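> The structure that follows is given in the form of structure tokens.
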Amino acid sequence: MKTLILCFSFIRKNIVPVIIVMILILVSLFVLVTLIGEYRYMSYTRDVLLRSEYKDGAYFMVPLDPSYVGYEKYDAFRDEIRKFDACGDIITIKKFSSQITVNGVEMPLNVIICGEKLRKMFQLDVKEGSWFKDGISSVSAVVGGVTVRDISVGDVISVSGIEAEVVGKIGDVVFYPSFNSSGNTGTSADELFDKNDTMVFLSEEGIPEREYEEKRGFRIDANSYVVIKKDADENSRKELLTFLENNGWVAQYGDIIAESDRRLEMHLRSLLPLPVFLIVVSTVCAICICGVIVKRSLPDFSKYYMIGCTRKRCIMLISAPLAVLFGLPCAANIASVFFFPHYLRARSVGAINYIIDARSAIPVLVYFAALTAILYAIPAALYGKNSPLDFYRRNV
Amino acid sequence: MIKLEKVSKIYKVGGEPFYALRDADLEIKEGEMVAVQGRSGAGKSTLLHIIGCLDTFERGDYHFCGIDIKNQSRSSLAKIRNSRIGFVLQDFSLINHRTALYNAEAPMLFGNAPFFEMKKRARNALETFGVLSQEKKKAVSMSGGQRQRVAIARAIVNDPDLILADEPTGNLDSSTAAEIMDIFVRLNNEGKTVIIVTHDDVVASYCQRRIVISDGILSQ
């Protein structure tokens, strides 16, 4: 209590600017955390592609053509592509909507049927378990999102009548491969993904595909990824790619990675200046306020020293309350990071293209540590130069 | 109570040593009231700062109530200043933007006084010196005499053994100065050891003993 009174004694005259700086820190850290979250999402999708086992291939985007509506047209066109010698395979994404019963409540969810090639093309990060396994004999599932939060690795779930063993678990927001609808020609890695707050990935093995497709109504993304055979010669490659280019848009694997790098760089260049500017402004303001408080309190410091305060304690009496007050917006940001899954669960926020998790708190903690060090260094330096004895010699 | 043996305080001035205090020998017994006199720059305040554990010294030994001051840590010296010494200075050295009550209770913020007794003890001290009615007034808005009374209340609130006063009447008119000196005499009569630095013979006349300092050298 005594220490609180003393701390308040030092900062009471400057409480308004202190509150303004607290708001500045709150806003600047919030902008920084969201920017980093967005950057992490973009770099995550790029990293997933970098892990792909099919680096020699091309993302093929079909044109926006009404005659392509319907599975038959797409299937027929894919059959045509398969006829080329260089074509190793065509990776498509099959989805359907379903429901899952969690704690007795039926919840809607989206399902992706993952064939072996799709699984090897997009090896998503899992928080628990693994991203499928080799040699699957019965249906396996990887789940993610707030709705299926209580499902554990090893549980058996039932999705539209299909029993599947959960082998892996993704975080609260699931970024899943999505080959866009026709007409979208974005070719950076993040364009090949979408997000959802509930998702189940089922292994294709064990599912009677054709019957199931008819019964449940798969949706197959219009675009696809054409894998080029390893032993394909230059001419057959060229032939395949020319065919694809003549019938839509093509982005080869290397082009996707290059485009992703370019977009990441552009993203940083365009968005980083704002949080950096805000953080520099708030830090400079914090330093100025600390300096002003120390300067203003020098006479008081000499009096407190006379009646039994040490230099070290005086420094702490200034730096500690400032660190606590400026730590509050940092704590608020850290709390928002940790409560993010709860907001998702409560549907207060929807899934967004940001990765916000415990790691998002690291830059906030680093900033707080640096700010605390500065807040200690300023009174230490100023009190070092103007000791209470110097004050007495000059004034008494 | 106070025993200085060959104490020297040396400053470096232009690379040359300057003796603010040279081989000072001094003994003051408990319950004494002593005046330290000398011209400006003679070393009076330096002596007071050393006795009050505010400043260090380069040579000699200083024992305060049997404690070897030279070998004490900064925090021990702070504790001694807090609990065993009370300071009264010419400029009052109050925290001007805070109330008389806050100033009187300030030493207890650094000491062992129970938190819930602080206000009561501070009010008692203010009452003793006739300024309780001013408790809510900020120090800056009080008269010189009232401020010095608050400063004395602050000096005695932790019940110290020693009161050090540096020109305590320097900023006061003669009648107020006389009132303040009466307070010091009263405190001395109650058993406090009082050391007053002054250049004023009238003030010194209240004391039982005079010590003169000239160019850092003490003579009694």
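Every chain in the structure tokens takes a letter, A first, then B, and so on in the order presented; its residues are numbered from 1, and the ligands are numbered from 1 following the presented order.
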Would you list which chain A residues are within 8 Å of chain B using only C-alpha atoms, as an MDAnalysis selection string?
chainID A and resid 1:3 6 300 303:310 389 396
> Among the residues of segment 4-216 of chain B, find those DSSP assigns to helix (DSSP H, G or I) from the backbone and print them as a PyMOL selection string.
chain B and resi 44-51+69-71+74-83+100-110+115-128+132-134+139-141+144-156+174-189+201-204
> What would the file look like if the residues just selected were written as an mmCIF file, in the first residue's frame with C-alpha atoms?

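So the final result, stored in selection_19.cif, reads:
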data_model
loop_
_atom_site.group_PDB
_atom_site.id
_atom_site.type_symbol
_atom_site.label_atom_id
_atom_site.label_comp_id
_atom_site.auth_asym_id
_atom_site.auth_seq_id
_atom_site.Cartn_x
_atom_site.Cartn_y
_atom_site.Cartn_z
ATOM 1 C CA LYS B 44 29.108 23.405 7.707
ATOM 2 C CA SER B 45 26.665 21.718 5.358
ATOM 3 C CA THR B 46 29.228 19.094 4.359
ATOM 4 C CA LEU B 47 29.638 18.210 8.033
ATOM 5 C CA LEU B 48 25.864 18.049 8.444
ATOM 6 C CA HIS B 49 25.493 15.819 5.368
ATOM 7 C CA ILE B 50 28.131 13.416 6.688
ATOM 8 C CA ILE B 51 26.597 13.311 10.182
ATOM 9 C CA ILE B 69 28.815 4.339 9.286
ATOM 10 C CA LYS B 70 31.725 3.813 6.869
ATOM 11 C CA ASN B 71 30.904 0.125 6.505
ATOM 12 C CA ARG B 74 23.276 2.292 1.009
ATOM 13 C CA SER B 75 20.065 0.666 2.178
ATOM 14 C CA SER B 76 21.321 0.554 5.803
ATOM 15 C CA LEU B 77 22.199 4.244 5.598
ATOM 16 C CA ALA B 78 18.716 4.932 4.189
ATOM 17 C CA LYS B 79 17.214 3.067 7.152
ATOM 18 C CA ILE B 80 19.309 5.112 9.596
ATOM 19 C CA ARG B 81 18.213 8.367 7.894
ATOM 20 C CA ASN B 82 14.629 7.200 8.039
ATOM 21 C CA SER B 83 14.351 5.999 11.594
ATOM 22 C CA ALA B 100 0.897 19.085 4.987
ATOM 23 C CA LEU B 101 -0.479 15.725 6.121
ATOM 24 C CA TYR B 102 1.222 13.845 3.259
ATOM 25 C CA ASN B 103 4.514 15.602 4.016
ATOM 26 C CA ALA B 104 4.273 14.709 7.693
ATOM 27 C CA GLU B 105 3.559 11.059 6.967
ATOM 28 C CA ALA B 106 6.136 10.768 4.132
ATOM 29 C CA PRO B 107 8.986 9.314 6.302
ATOM 30 C CA MET B 108 6.632 6.551 7.452
ATOM 31 C CA LEU B 109 6.150 5.519 3.804
ATOM 32 C CA PHE B 110 9.768 4.316 3.853
ATOM 33 C CA PHE B 115 0.068 1.725 7.315
ATOM 34 C CA PHE B 116 -3.138 2.285 9.251
ATOM 35 C CA GLU B 117 -1.297 4.246 11.973
ATOM 36 C CA MET B 118 0.444 6.612 9.610
ATOM 37 C CA LYS B 119 -2.252 9.268 9.387
ATOM 38 C CA LYS B 120 -2.834 9.238 13.138
ATOM 39 C CA ARG B 121 0.867 9.675 13.895
ATOM 40 C CA ALA B 122 1.263 12.394 11.265
ATOM 41 C CA ARG B 123 -1.742 14.293 12.673
ATOM 42 C CA ASN B 124 -0.307 14.012 16.193
ATOM 43 C CA ALA B 125 2.991 15.469 14.960
ATOM 44 C CA LEU B 126 1.209 18.306 13.152
ATOM 45 C CA GLU B 127 -0.871 18.999 16.259
ATOM 46 C CA THR B 128 2.258 19.115 18.430
ATOM 47 C CA LEU B 132 -3.029 20.395 12.327
ATOM 48 C CA SER B 133 -5.602 22.888 11.026
ATOM 49 C CA GLN B 134 -3.457 23.177 7.869
ATOM 50 C CA ALA B 139 2.807 22.957 1.311
ATOM 51 C CA VAL B 140 3.251 25.522 -1.439
ATOM 52 C CA SER B 141 0.294 27.550 -0.180
ATOM 53 C CA GLY B 144 7.225 30.050 5.862
ATOM 54 C CA GLY B 145 6.620 29.502 9.576
ATOM 55 C CA GLN B 146 3.882 26.945 8.914
ATOM 56 C CA ARG B 147 6.059 25.117 6.406
ATOM 57 C CA GLN B 148 8.950 24.929 8.861
ATOM 58 C CA ARG B 149 6.594 23.531 11.516
ATOM 59 C CA VAL B 150 5.423 20.902 9.031
ATOM 60 C CA ALA B 151 9.100 20.138 8.271
ATOM 61 C CA ILE B 152 9.765 19.700 12.004
ATOM 62 C CA ALA B 153 6.661 17.491 12.309
ATOM 63 C CA ARG B 154 8.059 15.376 9.459
ATOM 64 C CA ALA B 155 11.485 15.265 11.164
ATOM 65 C CA ILE B 156 10.120 13.892 14.440
ATOM 66 C CA SER B 174 12.680 37.121 13.749
ATOM 67 C CA SER B 175 9.521 36.366 15.746
ATOM 68 C CA THR B 176 8.772 33.190 13.771
ATOM 69 C CA ALA B 177 12.457 32.234 14.059
ATOM 70 C CA ALA B 178 12.184 32.566 17.842
ATOM 71 C CA GLU B 179 9.102 30.312 17.859
ATOM 72 C CA ILE B 180 10.922 27.704 15.804
ATOM 73 C CA MET B 181 13.969 27.825 18.079
ATOM 74 C CA ASP B 182 11.678 27.348 21.076
ATOM 75 C CA ILE B 183 10.425 24.172 19.410
ATOM 76 C CA PHE B 184 14.003 22.884 19.042
ATOM 77 C CA VAL B 185 14.694 23.657 22.695
ATOM 78 C CA ARG B 186 11.500 21.800 23.620
ATOM 79 C CA LEU B 187 12.549 18.802 21.561
ATOM 80 C CA ASN B 188 15.985 18.874 23.194
ATOM 81 C CA ASN B 189 14.354 18.998 26.602
ATOM 82 C CA ASP B 201 24.644 34.085 16.810
ATOM 83 C CA VAL B 202 21.108 34.526 18.185
ATOM 84 C CA VAL B 203 20.185 31.051 16.995
ATOM 85 C CA ALA B 204 23.454 29.642 18.318
#
> Quick one: residues within 8 Å of Leu264 of chain A, only C-alpha atoms counted, chain neighbours fewer than 6 positions away excluded, as a list in words?
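Here the answer would be Tyr39, Met42 and Ser43 of chain A.
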> Using only C-alpha atoms, pick whichever of A:Thr92, A:Ser98, A:Ser188, A:Thr372 has the shortest atom-to-atom distance to Asp221 of chain A.
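Using only C-alpha atoms, the shortest distance to Asp221 of chain A belongs to A:Thr92.
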> One decimal, Å: what's the distance from atom CA of Leu241 of chain A over to atom CA of Phe84 of chain A, could you say?
9.8 Å
> Could you jot down the atom CA of Lys138 of chain B to atom CA of Thr169 of chain B separation for me, Å, one decimal place?
20.9 Å
> I'd like the neighbourhood of segment 326-328 of chain A as a ChimeraX atom specification, where a residue qualifies if any of its atoms comes within 9 Å (using only C-alpha atoms), though same-chain residues fewer than 3 positions away should be ignored.
/A:18-19,21-22,25-26,286,321-323,331-333,368,371-372
> Could you give me, as a PyMOL selection string, the residues within 9 Å of Ser130 of chain A, counting only C-alpha atoms and dropping anything in the same chain fewer than 4 positions from it?
chain A and resi 125-126+142+167-169
> Grab the residues selected above and save them as an mmCIF file, in the first residue's frame with C-alpha atoms.

data_model
loop_
_atom_site.group_PDB
_atom_site.id
_atom_site.type_symbol
_atom_site.label_atom_id
_atom_site.label_comp_id
_atom_site.auth_asym_id
_atom_site.auth_seq_id
_atom_site.Cartn_x
_atom_site.Cartn_y
_atom_site.Cartn_z
ATOM 1 C CA ASP A 125 0.053 -28.441 -39.828
ATOM 2 C CA VAL A 126 -1.696 -30.310 -37.046
ATOM 3 C CA VAL A 142 -8.344 -34.954 -39.423
ATOM 4 C CA VAL A 167 -5.839 -39.237 -36.440
ATOM 5 C CA GLY A 168 -5.044 -35.527 -36.276
ATOM 6 C CA LYS A 169 -6.363 -32.236 -35.020
#
